[in-house]
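A.B. asks: Got a file for you: model03.pdb, PDB, C-alpha atoms, pLDDT in the B column.
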ATOM      1  CA  MET A   9     -44.240  22.454 -10.272  1.00 41.00           C
ATOM      2  CA  THR A  10     -46.397  21.889 -13.275  1.00 44.00           C
ATOM      3  CA  ASN A  11     -48.019  24.735 -15.142  1.00 43.00           C
ATOM      4  CA  ASP A  12     -50.609  22.415 -16.697  1.00 52.00           C
ATOM      5  CA  LEU A  13     -53.388  23.889 -14.564  1.00 50.00           C
ATOM      6  CA  ASN A  14     -52.710  27.528 -15.383  1.00 52.00           C
ATOM      7  CA  PRO A  15     -50.374  28.450 -18.248  1.00 56.00           C
ATOM      8  CA  THR A  16     -50.211  32.070 -17.030  1.00 53.00           C
ATOM      9  CA  VAL A  17     -48.393  31.096 -13.820  1.00 49.00           C
ATOM     10  CA  ALA A  18     -44.726  32.048 -13.998  1.00 55.00           C
ATOM     11  CA  ARG A  19     -42.181  29.290 -13.598  1.00 61.00           C
ATOM     12  CA  ASP A  20     -40.652  31.128 -10.632  1.00 72.00           C
ATOM     13  CA  VAL A  21     -43.850  30.805  -8.609  1.00 73.00           C
ATOM     14  CA  ALA A  22     -44.801  27.768  -6.566  1.00 76.00           C
ATOM     15  CA  ILE A  23     -47.789  27.105  -4.361  1.00 79.00           C
ATOM     16  CA  VAL A  24     -48.403  24.567  -1.645  1.00 77.00           C
ATOM     17  CA  GLU A  25     -51.686  24.144   0.193  1.00 78.00           C
ATOM     18  CA  LEU A  26     -51.800  23.531   3.937  1.00 76.00           C
ATOM     19  CA  ALA A  27     -54.578  22.937   6.423  1.00 73.00           C
ATOM     20  CA  ALA A  28     -56.723  25.888   7.460  1.00 67.00           C
ATOM     21  CA  GLU A  29     -54.823  26.247  10.761  1.00 73.00           C
ATOM     22  CA  TYR A  30     -51.098  26.321  11.349  1.00 75.00           C
ATOM     23  CA  PRO A  31     -49.787  23.136  12.943  1.00 70.00           C
ATOM     24  CA  ARG A  32     -48.486  23.243  16.527  1.00 71.00           C
ATOM     25  CA  GLU A  33     -45.418  21.152  15.631  1.00 67.00           C
ATOM     26  CA  THR A  34     -41.933  22.359  16.548  1.00 67.00           C
ATOM     27  CA  GLY A  35     -38.413  21.383  15.503  1.00 65.00           C
ATOM     28  CA  GLY A  36     -37.291  18.794  12.993  1.00 68.00           C
ATOM     29  CA  GLU A  37     -39.519  17.709  10.143  1.00 79.00           C
ATOM     30  CA  THR A  38     -42.817  19.548  10.402  1.00 82.00           C
ATOM     31  CA  THR A  39     -45.672  20.156   8.008  1.00 87.00           C
ATOM     32  CA  ILE A  40     -44.206  23.617   7.339  1.00 89.00           C
ATOM     33  CA  THR A  41     -40.641  22.381   6.695  1.00 90.00           C
ATOM     34  CA  GLN A  42     -42.062  19.746   4.349  1.00 90.00           C
ATOM     35  CA  ALA A  43     -44.032  22.466   2.539  1.00 91.00           C
ATOM     36  CA  ILE A  44     -40.901  24.631   2.205  1.00 92.00           C
ATOM     37  CA  ASP A  45     -38.989  21.603   0.899  1.00 93.00           C
ATOM     38  CA  ARG A  46     -41.711  20.995  -1.738  1.00 92.00           C
ATOM     39  CA  LEU A  47     -41.818  24.669  -2.743  1.00 92.00           C
ATOM     40  CA  SER A  48     -38.054  24.941  -3.046  1.00 93.00           C
ATOM     41  CA  ALA A  49     -37.907  21.752  -5.101  1.00 92.00           C
ATOM     42  CA  ASP A  50     -40.622  23.103  -7.423  1.00 90.00           C
ATOM     43  CA  LEU A  51     -38.631  26.331  -7.818  1.00 91.00           C
ATOM     44  CA  ASN A  52     -35.350  24.423  -8.299  1.00 91.00           C
ATOM     45  CA  TRP A  53     -33.838  26.190  -5.269  1.00 93.00           C
ATOM     46  CA  SER A  54     -32.843  23.078  -3.329  1.00 93.00           C
ATOM     47  CA  ASP A  55     -29.820  20.858  -3.432  1.00 94.00           C
ATOM     48  CA  ALA A  56     -27.977  18.594  -1.006  1.00 94.00           C
ATOM     49  CA  SER A  57     -27.453  21.557   1.355  1.00 94.00           C
ATOM     50  CA  GLY A  58     -31.148  22.126   1.928  1.00 95.00           C
ATOM     51  CA  PRO A  59     -34.165  23.920   0.527  1.00 96.00           C
ATOM     52  CA  PHE A  60     -32.239  27.096  -0.323  1.00 96.00           C
ATOM     53  CA  GLY A  61     -28.926  25.500  -1.296  1.00 95.00           C
ATOM     54  CA  ARG A  62     -29.026  26.794  -4.880  1.00 94.00           C
ATOM     55  CA  VAL A  63     -29.999  30.369  -3.940  1.00 93.00           C
ATOM     56  CA  ILE A  64     -27.935  30.980  -0.781  1.00 95.00           C
ATOM     57  CA  PRO A  65     -24.211  30.702  -1.466  1.00 94.00           C
ATOM     58  CA  PRO A  66     -21.951  29.471   1.337  1.00 93.00           C
ATOM     59  CA  ASN A  67     -20.862  32.313   3.663  1.00 96.00           C
ATOM     60  CA  ALA A  68     -23.659  34.611   2.433  1.00 96.00           C
ATOM     61  CA  ARG A  69     -25.390  37.066   4.737  1.00 96.00           C
ATOM     62  CA  VAL A  70     -29.113  36.296   4.655  1.00 97.00           C
ATOM     63  CA  LEU A  71     -32.035  38.514   5.632  1.00 96.00           C
ATOM     64  CA  ILE A  72     -35.403  36.856   6.089  1.00 97.00           C
ATOM     65  CA  LYS A  73     -38.110  39.493   5.903  1.00 96.00           C
ATOM     66  CA  PRO A  74     -41.415  38.186   7.285  1.00 96.00           C
ATOM     67  CA  ASN A  75     -44.554  40.271   7.527  1.00 95.00           C
ATOM     68  CA  PHE A  76     -44.790  41.879  10.967  1.00 95.00           C
ATOM     69  CA  VAL A  77     -47.637  44.384  11.239  1.00 94.00           C
ATOM     70  CA  LEU A  78     -48.767  44.941  14.810  1.00 93.00           C
ATOM     71  CA  HIS A  79     -48.484  43.275  18.245  1.00 93.00           C
ATOM     72  CA  ALA A  80     -52.261  42.897  18.624  1.00 91.00           C
ATOM     73  CA  ASN A  81     -55.198  42.654  16.284  1.00 90.00           C
ATOM     74  CA  GLN A  82     -57.576  45.505  16.995  1.00 85.00           C
ATOM     75  CA  GLY A  83     -60.381  43.537  15.362  1.00 85.00           C
ATOM     76  CA  ARG A  84     -61.562  39.968  15.767  1.00 84.00           C
ATOM     77  CA  GLY A  85     -59.076  38.273  13.452  1.00 82.00           C
ATOM     78  CA  GLY A  86     -56.521  36.988  15.947  1.00 83.00           C
ATOM     79  CA  MET A  87     -52.788  37.252  15.322  1.00 84.00           C
ATOM     80  CA  ASP A  88     -52.555  35.330  12.040  1.00 83.00           C
ATOM     81  CA  PRO A  89     -53.207  38.468   9.921  1.00 86.00           C
ATOM     82  CA  MET A  90     -50.784  40.532  12.045  1.00 90.00           C
ATOM     83  CA  ILE A  91     -47.537  38.568  11.685  1.00 92.00           C
ATOM     84  CA  THR A  92     -46.082  35.750   9.661  1.00 93.00           C
ATOM     85  CA  HIS A  93     -46.715  32.625  11.710  1.00 90.00           C
ATOM     86  CA  HIS A  94     -43.746  31.551  13.812  1.00 92.00           C
ATOM     87  CA  SER A  95     -43.719  28.078  12.251  1.00 91.00           C
ATOM     88  CA  VAL A  96     -43.040  29.637   8.835  1.00 93.00           C
ATOM     89  CA  VAL A  97     -40.321  31.953  10.195  1.00 95.00           C
ATOM     90  CA  GLU A  98     -38.656  29.126  12.108  1.00 94.00           C
ATOM     91  CA  ALA A  99     -38.727  26.670   9.193  1.00 93.00           C
ATOM     92  CA  THR A 100     -37.387  29.313   6.799  1.00 96.00           C
ATOM     93  CA  VAL A 101     -34.526  30.202   9.144  1.00 97.00           C
ATOM     94  CA  LEU A 102     -33.617  26.545   9.692  1.00 95.00           C
ATOM     95  CA  GLY A 103     -33.736  25.933   5.942  1.00 96.00           C
ATOM     96  CA  ALA A 104     -31.483  28.933   5.318  1.00 97.00           C
ATOM     97  CA  LEU A 105     -28.988  27.758   7.949  1.00 97.00           C
ATOM     98  CA  LYS A 106     -28.630  24.430   6.123  1.00 96.00           C
ATOM     99  CA  ALA A 107     -27.061  26.319   3.184  1.00 96.00           C
ATOM    100  CA  ASP A 108     -24.117  27.281   5.454  1.00 95.00           C
ATOM    101  CA  PRO A 109     -24.425  31.064   5.363  1.00 97.00           C
ATOM    102  CA  ALA A 110     -22.179  33.323   7.432  1.00 98.00           C
ATOM    103  CA  ALA A 111     -25.203  34.966   9.052  1.00 98.00           C
ATOM    104  CA  VAL A 112     -29.002  34.769   9.068  1.00 98.00           C
ATOM    105  CA  LEU A 113     -31.085  37.634  10.413  1.00 97.00           C
ATOM    106  CA  VAL A 114     -34.859  37.983  10.595  1.00 98.00           C
ATOM    107  CA  GLY A 115     -35.988  41.596  10.362  1.00 96.00           C
ATOM    108  CA  ASP A 116     -38.932  43.819   9.593  1.00 96.00           C
ATOM    109  CA  ALA A 117     -40.380  47.261  10.236  1.00 95.00           C
ATOM    110  CA  PRO A 118     -43.917  46.935  11.584  1.00 96.00           C
ATOM    111  CA  ILE A 119     -46.377  49.790  12.068  1.00 95.00           C
ATOM    112  CA  GLN A 120     -44.852  52.565  14.196  1.00 95.00           C
ATOM    113  CA  THR A 121     -47.169  51.897  17.152  1.00 94.00           C
ATOM    114  CA  CYS A 122     -46.221  48.217  17.290  1.00 95.00           C
ATOM    115  CA  ASP A 123     -44.659  47.068  20.569  1.00 95.00           C
ATOM    116  CA  PHE A 124     -41.924  44.905  19.045  1.00 96.00           C
ATOM    117  CA  ALA A 125     -41.115  42.953  22.218  1.00 96.00           C
ATOM    118  CA  THR A 126     -44.792  42.099  22.638  1.00 96.00           C
ATOM    119  CA  LEU A 127     -45.044  41.129  18.964  1.00 95.00           C
ATOM    120  CA  LEU A 128     -42.151  38.687  19.415  1.00 96.00           C
ATOM    121  CA  ARG A 129     -43.674  37.281  22.603  1.00 95.00           C
ATOM    122  CA  VAL A 130     -47.222  36.786  21.271  1.00 93.00           C
ATOM    123  CA  GLY A 131     -45.765  35.577  17.969  1.00 91.00           C
ATOM    124  CA  GLU A 132     -43.767  32.937  19.864  1.00 91.00           C
ATOM    125  CA  LEU A 133     -40.473  34.168  18.403  1.00 95.00           C
ATOM    126  CA  ASP A 134     -38.755  35.661  21.461  1.00 96.00           C
ATOM    127  CA  GLU A 135     -37.619  32.517  23.292  1.00 96.00           C
ATOM    128  CA  TRP A 136     -37.076  30.610  20.064  1.00 95.00           C
ATOM    129  CA  SER A 137     -34.821  33.397  18.784  1.00 97.00           C
ATOM    130  CA  ARG A 138     -32.784  33.590  22.005  1.00 97.00           C
ATOM    131  CA  ASP A 139     -32.350  29.820  22.105  1.00 97.00           C
ATOM    132  CA  LEU A 140     -31.281  29.603  18.460  1.00 97.00           C
ATOM    133  CA  MET A 141     -28.774  32.455  18.861  1.00 98.00           C
ATOM    134  CA  LYS A 142     -27.192  30.488  21.718  1.00 98.00           C
ATOM    135  CA  SER A 143     -27.044  27.223  19.782  1.00 97.00           C
ATOM    136  CA  ASP A 144     -26.049  28.566  16.340  1.00 98.00           C
ATOM    137  CA  ARG A 145     -23.701  31.570  16.213  1.00 97.00           C
ATOM    138  CA  ARG A 146     -24.753  32.265  12.604  1.00 98.00           C
ATOM    139  CA  PHE A 147     -28.278  33.199  13.657  1.00 98.00           C
ATOM    140  CA  LYS A 148     -28.310  36.885  14.552  1.00 98.00           C
ATOM    141  CA  GLY A 149     -31.843  37.091  15.947  1.00 97.00           C
ATOM    142  CA  VAL A 150     -34.919  39.113  15.077  1.00 97.00           C
ATOM    143  CA  LYS A 151     -34.384  42.831  14.472  1.00 96.00           C
ATOM    144  CA  ASP A 152     -36.720  45.789  14.451  1.00 96.00           C
ATOM    145  CA  PHE A 153     -35.725  47.997  11.493  1.00 95.00           C
ATOM    146  CA  ARG A 154     -37.885  50.996  12.382  1.00 94.00           C
ATOM    147  CA  ARG A 155     -36.185  54.367  12.739  1.00 92.00           C
ATOM    148  CA  THR A 156     -39.389  55.936  14.044  1.00 92.00           C
ATOM    149  CA  THR A 157     -41.673  54.405  16.650  1.00 93.00           C
ATOM    150  CA  SER A 158     -44.666  55.881  18.376  1.00 94.00           C
ATOM    151  CA  GLU A 159     -47.138  55.231  21.139  1.00 91.00           C
ATOM    152  CA  TYR A 160     -50.374  56.693  22.359  1.00 90.00           C
ATOM    153  CA  ARG A 161     -50.233  58.494  25.694  1.00 92.00           C
ATOM    154  CA  ASP A 162     -53.506  59.855  27.000  1.00 93.00           C
ATOM    155  CA  GLY A 163     -54.929  59.758  23.481  1.00 91.00           C
ATOM    156  CA  VAL A 164     -51.999  61.630  21.937  1.00 93.00           C
ATOM    157  CA  LEU A 165     -49.652  59.967  19.468  1.00 91.00           C
ATOM    158  CA  ILE A 166     -46.056  60.518  20.600  1.00 92.00           C
ATOM    159  CA  ALA A 167     -43.327  59.727  18.062  1.00 92.00           C
ATOM    160  CA  VAL A 168     -39.721  58.841  18.792  1.00 91.00           C
ATOM    161  CA  GLU A 169     -37.458  59.630  15.828  1.00 93.00           C
ATOM    162  CA  ASN A 170     -34.049  58.194  14.925  1.00 92.00           C
ATOM    163  CA  VAL A 171     -34.444  55.069  17.078  1.00 91.00           C
ATOM    164  CA  LEU A 172     -31.692  53.469  14.986  1.00 90.00           C
ATOM    165  CA  PRO A 173     -28.767  55.433  13.550  1.00 90.00           C
ATOM    166  CA  GLN A 174     -28.997  56.388   9.880  1.00 90.00           C
ATOM    167  CA  GLU A 175     -25.544  54.860   9.338  1.00 91.00           C
ATOM    168  CA  GLU A 176     -27.123  51.400   9.681  1.00 86.00           C
ATOM    169  CA  PHE A 177     -29.230  52.002   6.587  1.00 83.00           C
ATOM    170  CA  VAL A 178     -28.717  52.308   2.859  1.00 83.00           C
ATOM    171  CA  LEU A 179     -30.691  55.264   1.560  1.00 81.00           C
ATOM    172  CA  PHE A 180     -32.281  55.234  -1.891  1.00 80.00           C
ATOM    173  CA  ASP A 181     -33.580  58.240  -3.785  1.00 87.00           C
ATOM    174  CA  LEU A 182     -36.760  56.910  -5.322  1.00 83.00           C
TER     175      LEU A 182
END
How would this structure read if it were set down as structure tokens?
C.D. replies:
Amino acid sequence: MTNDLNPTVARDVAIVELAAEYPRETGGETTITQAIDRLSADLNWSDASGPFGRVIPPNARVLIKPNFVLHANQGRGGMDPMITHHSVVEATVLGALKADPAAVLVGDAPIQTCDFATLLRVGELDEWSRDLMKSDRRFKGVKDFRRTTSEYRDGVLIAVENVLPQEEFVLFDL
């Protein structure tokens, strides 16, 4: 990356511009994988073992944290503002796997009222995740990190606490 255009841009930031809509390509070399390759090269993250070869050591445990918000857009914006597009998640996971980690997990904690299974289905990550877990034992799937979920029943918000055990978390006193 060159900082000639804006000297205030940090050297650990890279930007790549794509078309206004996400491509419908899948697998192999896609527009998104090419963009990740360019970004990682600009950030000096890549080596012979892929776009993250210099930042993911062999046998590392990797968490990819996308942005999952809600399973449906309650406005007119479609799903793009609600979750990181599946093409970006998929390309990032495949790039991470090239670095030969011990495990790669995708995980997030969307809004408490999010139906996680629906989010994965409408986000086109459910079948992809199941298929990749079958074909690559290092991929551990997509995990919901919420300890509290909720849903509306007859107009009343009902919360379910301690969905996941506290022992699975590291607590920080902020």
A.B. asks: Using only C-alpha atoms, which residue out of A:Glu135, A:Asp108, A:Glu98, A:Glu159 lies closest to Gln120 (chain A)?
C.D. replies: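 Ranking A:Glu135, A:Asp108, A:Glu98, A:Glu159 by distance to Gln120 (chain A), first place goes to A:Glu159.
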A.B. asks: Hey, can you check how far CA of Ile64 (chain A) sits from CA of Ala104 (chain A)?
C.D. replies: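 The value is 7.3 Å.
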A.B. asks: One decimal, Å: what's the distance from CA of Pro118 (chain A) over to CA of Val77 (chain A), could you say?
C.D. replies: 4.5 Å
A.B. asks: Within 12 Å of Tyr160 (chain A), counting all atoms listed in the file, which residues show up once you throw out same-chain ones fewer than 6 positions away? Write them as a list in words, please.
C.D. replies: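 Contacts, in chain order: Gln120, Thr121, Cys122, Asp123, Ile166, Ala167 and Val168 of chain A.
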A.B. asks: Starting from the displayed file, determine the output of the PyMOL selection byres ((chain A and resi 48) around 10) and express the residue list as a PyMOL selection string.
C.D. replies: chain A and resi 9+21-22+42-47+49-55+58-63
A.B. asks: Distance CA of Leu105 (chain A)-CA of Leu128 (chain A), one decimal place?
C.D. replies: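 So the two atoms, CA of Leu105 (chain A) and CA of Leu128 (chain A), lie 20.6 Å apart.
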A.B. asks: Please identify all polymer residues within 7 Å of Val114 (chain A), counting all atoms listed in the file, omitting same-chain residues fewer than 6 positions from it, and present them as a list in words.
C.D. replies: Leu71, Ile72, Lys73, Gly149, Val150 and Lys151 of chain A
